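Undergrad: File work_10.txt below, compact mmCIF, C-alpha atoms:
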```txt
# COMPACT_ATOMS: atom_id res chain seq x y z
CA MET A 1 -163.24 91.30 32.29
CA MET A 2 -162.56 93.45 29.25
CA ALA A 3 -165.54 95.45 28.12
CA LYS A 4 -166.63 95.25 24.50
CA SER A 5 -165.64 98.85 23.94
CA GLY A 6 -161.98 97.96 24.56
CA ARG A 7 -161.79 99.52 28.02
CA ARG A 8 -160.60 97.57 31.00
CA GLY A 9 -162.79 96.95 33.97
CA LEU A 10 -162.03 98.34 37.38
CA ASP A 11 -161.22 94.87 38.70
CA LEU A 12 -157.99 94.60 36.64
CA PRO A 13 -154.86 96.61 37.38
CA ARG A 14 -153.58 98.94 34.74
CA GLY A 15 -150.22 98.02 33.24
CA ARG A 16 -147.21 100.27 33.43
CA SER A 17 -147.01 102.42 30.40
CA GLY A 18 -144.41 104.98 29.51
CA MET A 19 -142.28 106.35 26.76
CA LEU A 20 -139.46 103.94 27.48
CA GLY A 21 -141.68 100.89 27.35
CA ARG A 22 -140.35 99.34 30.53
CA GLY A 23 -141.88 95.93 30.50
CA SER A 24 -140.76 92.78 32.23
CA SER A 25 -139.12 91.47 29.07
CA SER A 26 -137.01 94.54 28.25
CA MET A 27 -135.29 94.88 31.63
CA PRO A 28 -133.08 92.15 33.03
CA SER A 29 -134.16 90.91 36.41
CA SER A 30 -132.19 92.01 39.45
CA ASP A 31 -131.54 88.38 40.26
CA THR A 32 -129.83 87.81 36.90
CA PHE A 33 -127.70 90.89 37.41
CA GLY A 34 -126.98 89.82 40.98
CA ARG A 35 -125.83 86.39 39.82
CA PHE A 36 -123.62 88.09 37.23
CA SER A 37 -122.09 90.32 39.89
CA GLU A 38 -121.41 87.33 42.13
CA ALA A 39 -119.75 85.44 39.28
CA PHE A 40 -117.69 88.52 38.43
CA ALA A 41 -116.60 88.99 42.07
CA ARG A 42 -115.84 85.29 42.39
CA ALA A 43 -113.68 85.38 39.23
CA MET A 44 -111.81 88.49 40.36
CA GLY A 45 -110.94 86.84 43.64
CA THR A 46 -109.06 83.94 42.07
CA SER A 47 -105.33 83.52 41.76
CA GLY A 48 -105.82 82.90 38.03
CA PHE A 49 -107.26 86.38 37.59
CA LEU A 50 -104.43 87.98 39.56
CA ILE A 51 -101.77 86.08 37.61
CA GLY A 52 -103.48 86.83 34.29
CA MET A 53 -103.80 90.53 35.11
CA SER A 54 -100.14 90.67 36.21
CA VAL A 55 -99.03 89.01 32.97
CA PHE A 56 -101.21 91.43 30.97
CA VAL A 57 -99.66 94.48 32.67
CA ILE A 58 -96.11 93.13 32.37
CA VAL A 59 -96.56 92.38 28.65
CA TRP A 60 -98.15 95.81 28.15
CA LEU A 61 -95.26 97.57 29.88
CA TRP A 62 -92.62 95.46 28.14
CA TRP A 63 -94.17 96.07 24.70
CA ASN A 64 -94.38 99.83 25.19
CA ILE A 65 -90.82 100.07 26.54
CA ALA A 66 -88.88 97.53 24.46
CA MET A 67 -90.49 97.83 21.02
CA PRO A 68 -89.53 100.45 18.43
CA ARG A 69 -91.31 103.79 18.87
CA ASP A 70 -93.52 103.21 15.80
CA TRP A 71 -94.92 99.99 17.32
CA GLN A 72 -95.68 101.46 20.74
CA PHE A 73 -99.36 102.27 21.28
CA ASP A 74 -98.99 103.59 24.86
CA PRO A 75 -95.45 104.94 25.15
CA ALA A 76 -93.63 105.37 28.44
CA ALA A 77 -93.16 109.04 27.57
CA THR A 78 -96.88 109.61 28.22
CA ASN A 79 -96.68 107.64 31.50
CA PHE A 80 -98.76 104.77 30.10
CA THR A 81 -101.95 106.83 29.98
CA LEU A 82 -103.98 104.15 28.19
CA LEU A 83 -102.99 101.45 30.70
CA THR A 84 -103.92 103.77 33.57
CA LEU A 85 -107.27 104.48 31.93
CA ILE A 86 -108.00 100.77 31.40
CA LEU A 87 -107.11 99.84 35.00
CA SER A 88 -109.16 102.75 36.37
CA LEU A 89 -112.15 101.73 34.28
CA GLN A 90 -111.85 98.15 35.48
CA ALA A 91 -111.68 99.29 39.10
CA SER A 92 -114.65 101.63 38.70
CA TYR A 93 -116.82 98.72 37.50
CA ALA A 94 -115.33 96.08 39.78
CA ALA A 95 -115.94 97.90 43.07
CA PRO A 96 -119.74 98.29 42.75
CA LEU A 97 -120.14 94.75 41.40
CA ILE A 98 -118.17 93.34 44.32
CA LEU A 99 -120.25 95.41 46.78
CA LEU A 100 -123.45 94.14 45.16
CA ALA A 101 -122.23 90.56 45.49
CA GLN A 102 -121.37 91.20 49.16
CA ASN A 103 -124.82 92.66 49.80
CA ARG A 104 -126.47 89.59 48.27
CA GLN A 105 -124.29 87.36 50.46
CA ASP A 106 -125.24 89.44 53.51
CA ASP A 107 -128.91 88.94 52.66
CA ARG A 108 -128.43 85.18 52.36
CA ASP A 109 -126.50 85.14 55.65
CA ARG A 110 -129.26 87.12 57.35
CA VAL A 111 -131.88 84.60 56.18
CA GLN A 112 -129.67 81.69 57.29
CA ILE A 113 -129.14 83.28 60.73
CA GLU A 114 -132.89 83.74 61.13
CA GLN A 115 -133.52 80.11 60.16
CA ASP A 116 -130.83 78.96 62.60
CA ARG A 117 -132.39 81.07 65.35
CA GLN A 118 -135.82 79.57 64.69
CA ARG A 119 -134.34 76.06 64.65
CA ALA A 120 -132.56 76.74 67.95
CA GLU A 121 -135.82 78.00 69.48
CA ARG A 122 -137.61 74.83 68.34
CA ASN A 123 -134.81 72.66 69.75
CA LEU A 124 -134.96 74.54 73.05
CA ALA A 125 -138.74 74.13 73.21
CA ASP A 126 -138.41 70.41 72.43
CA THR A 127 -135.72 69.99 75.08
CA GLU A 128 -137.79 71.84 77.69
CA TYR A 129 -140.81 69.71 76.80
CA LEU A 130 -138.82 66.50 77.18
CA ALA A 131 -137.37 67.70 80.49
CA ARG A 132 -140.88 68.44 81.78
CA GLU A 133 -142.06 65.02 80.62
CA ILE A 134 -139.20 63.28 82.42
CA VAL A 135 -139.94 65.24 85.61
CA ALA A 136 -143.63 64.35 85.30
CA LEU A 137 -142.70 60.69 84.80
CA ARG A 138 -140.47 60.71 87.89
CA MET A 139 -143.17 62.37 89.95
CA ALA A 140 -145.73 59.82 88.78
CA LEU A 141 -143.38 56.98 89.64
CA GLU A 142 -142.67 58.44 93.08
CA GLU A 143 -146.40 58.62 93.70
CA ARG A 144 -146.77 54.95 92.66
CA SER A 145 -144.02 53.74 94.85
CA ALA A 146 -142.98 54.71 98.33
CA GLN A 147 -139.29 54.60 97.44
CA GLY A 148 -137.33 57.40 95.78
CA VAL A 149 -136.81 57.10 92.07
CA THR A 150 -133.25 56.44 91.03
CA ARG A 151 -131.93 56.08 87.56
CA GLU A 152 -132.01 52.32 87.82
CA VAL A 153 -135.63 52.29 88.95
CA LEU A 154 -136.56 54.72 86.20
CA ARG A 155 -134.77 52.62 83.60
CA ALA A 156 -136.49 49.47 84.83
CA GLU A 157 -139.88 51.18 84.62
CA LEU A 158 -139.12 52.47 81.13
CA ARG A 159 -138.04 48.98 80.03
CA ALA A 160 -141.23 47.53 81.47
CA MET A 161 -143.31 50.10 79.61
CA LEU A 162 -141.38 49.43 76.41
CA ALA A 163 -141.92 45.70 76.86
CA ASP A 164 -145.63 46.30 77.38
CA LEU A 165 -145.67 48.24 74.13
CA ARG A 166 -143.87 45.43 72.34
CA ASP A 167 -145.93 42.74 74.11
CA GLU A 168 -142.78 41.12 75.48
CA ASP A 169 -141.74 39.89 78.85
CA PRO A 170 -140.02 42.67 80.91
CA ALA A 171 -137.54 40.14 82.36
CA GLU A 172 -136.06 39.55 78.89
CA GLN A 173 -135.23 43.26 78.48
CA ALA A 174 -133.08 43.51 81.65
CA PRO A 175 -129.31 43.52 81.04
```
What is this file in C-alpha cells?

TA:
Amino acid sequence: MMAKSGRRGLDLPRGRSGMLGRGSSSMPSSDTFGRFSEAFARAMGTSGFLIGMSVFVIVWLWWNIAMPRDWQFDPAATNFTLLTLILSLQASYAAPLILLAQNRQDDRDRVQIEQDRQRAERNLADTEYLAREIVALRMALEERSAQGVTREVLRAELRAMLADLRDEDPAEQAP
C-alpha cells in the first residue's frame, strides 16, 4: 500500500499529525479517566472518607490553635486561609469528577433500560404467540369434537398428544 517513494496511497487514511503529537499512546483513554472518576466518587461517598476528613480538619484546627505561635503554619489570626484553600481546591476537583461518574452511571442505566425494554417486548411477543397457539388449539379441538372444550378436555388432549410423542399409553398419564 505504501509507494516506493515513501508516499502513502489514497486507500489508507492519513494519521493525525500536529505539534502536540496527540497519539493514542500519549493521551489516557476516556474510559480510564471515567473509571478513575467513579472510584474517586465512590471513595468520597464512604463513611471512612467523611470520618478521615473530619479528623484531618479537627487536627488541623487544634494544631493551629493550641500550639505555640512559632509552630503554627495556618494561624487562627488569618482565619485558617490555607485550610480554606485546601478544602476549596478539593471541592473544585471533586464536583466535576462526581458529575462525570454520575453521567457514566446514567449512560449505563440508559443502556440497561433499553435492554429491559427489548426483553419485555420479546416476552410480550412470546406471550401473544403462545396465547394465539392455545386459541388455535382450542378451535381445532372444537372442530374435531362436537362438544365445547373445557380445561379438562384440553388437558386430556394435551396429555394424549404428549403420550403420543413419548410413545406411551395415554391412560397411564391420567391422574

Undergrad: Atom CA of Ala39 of chain A to atom CA of Leu87 of chain A: how many Å, to one decimal?

TA: 19.6 Å

Undergrad: Of the candidates A:Ser145, A:Gln112, A:Thr78, A:Gln102, which shows the shortest atom-to-atom distance to Arg42 of chain A, using all atoms listed in the file?

TA: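 Nearest to Arg42 of chain A: A:Gln102.
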
Undergrad: Pick out the closest residue to Ala77 of chain A from this set: A:Leu50, A:Leu154, A:Leu89, A:Leu61. Count only C-alpha atoms.

TA: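 Of A:Leu50, A:Leu154, A:Leu89, A:Leu61, the one nearest Ala77 of chain A is A:Leu61, counting only C-alpha atoms.
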
Undergrad: If I take atom CA of Leu85 of chain A and atom CA of Thr32 of chain A, how far is one from the other in Å, to one decimal?

TA: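 Interatomic distance here is 28.5 Å.
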
Undergrad: Just the number, please: distance in Å from atom CA of Ile86 of chain A to atom CA of Gly48 of chain A, one decimal.

TA: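 If I compute the distance from atom CA of Ile86 of chain A to atom CA of Gly48 of chain A, I get 19.2 Å.
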
Undergrad: Calculate, to one decimal in Å, the centre and edge lengths of the box along x, y and z of the file that holds all listed atoms of segment 43-61 of chain A with 6 Å of margin on each side, and present them as lines of an AutoDock Vina configuration file.

TA:
```
center_x = -104.5
center_y = 90.2
center_z = 35.9
size_x = 30.4
size_y = 26.7
size_z = 27.5
```
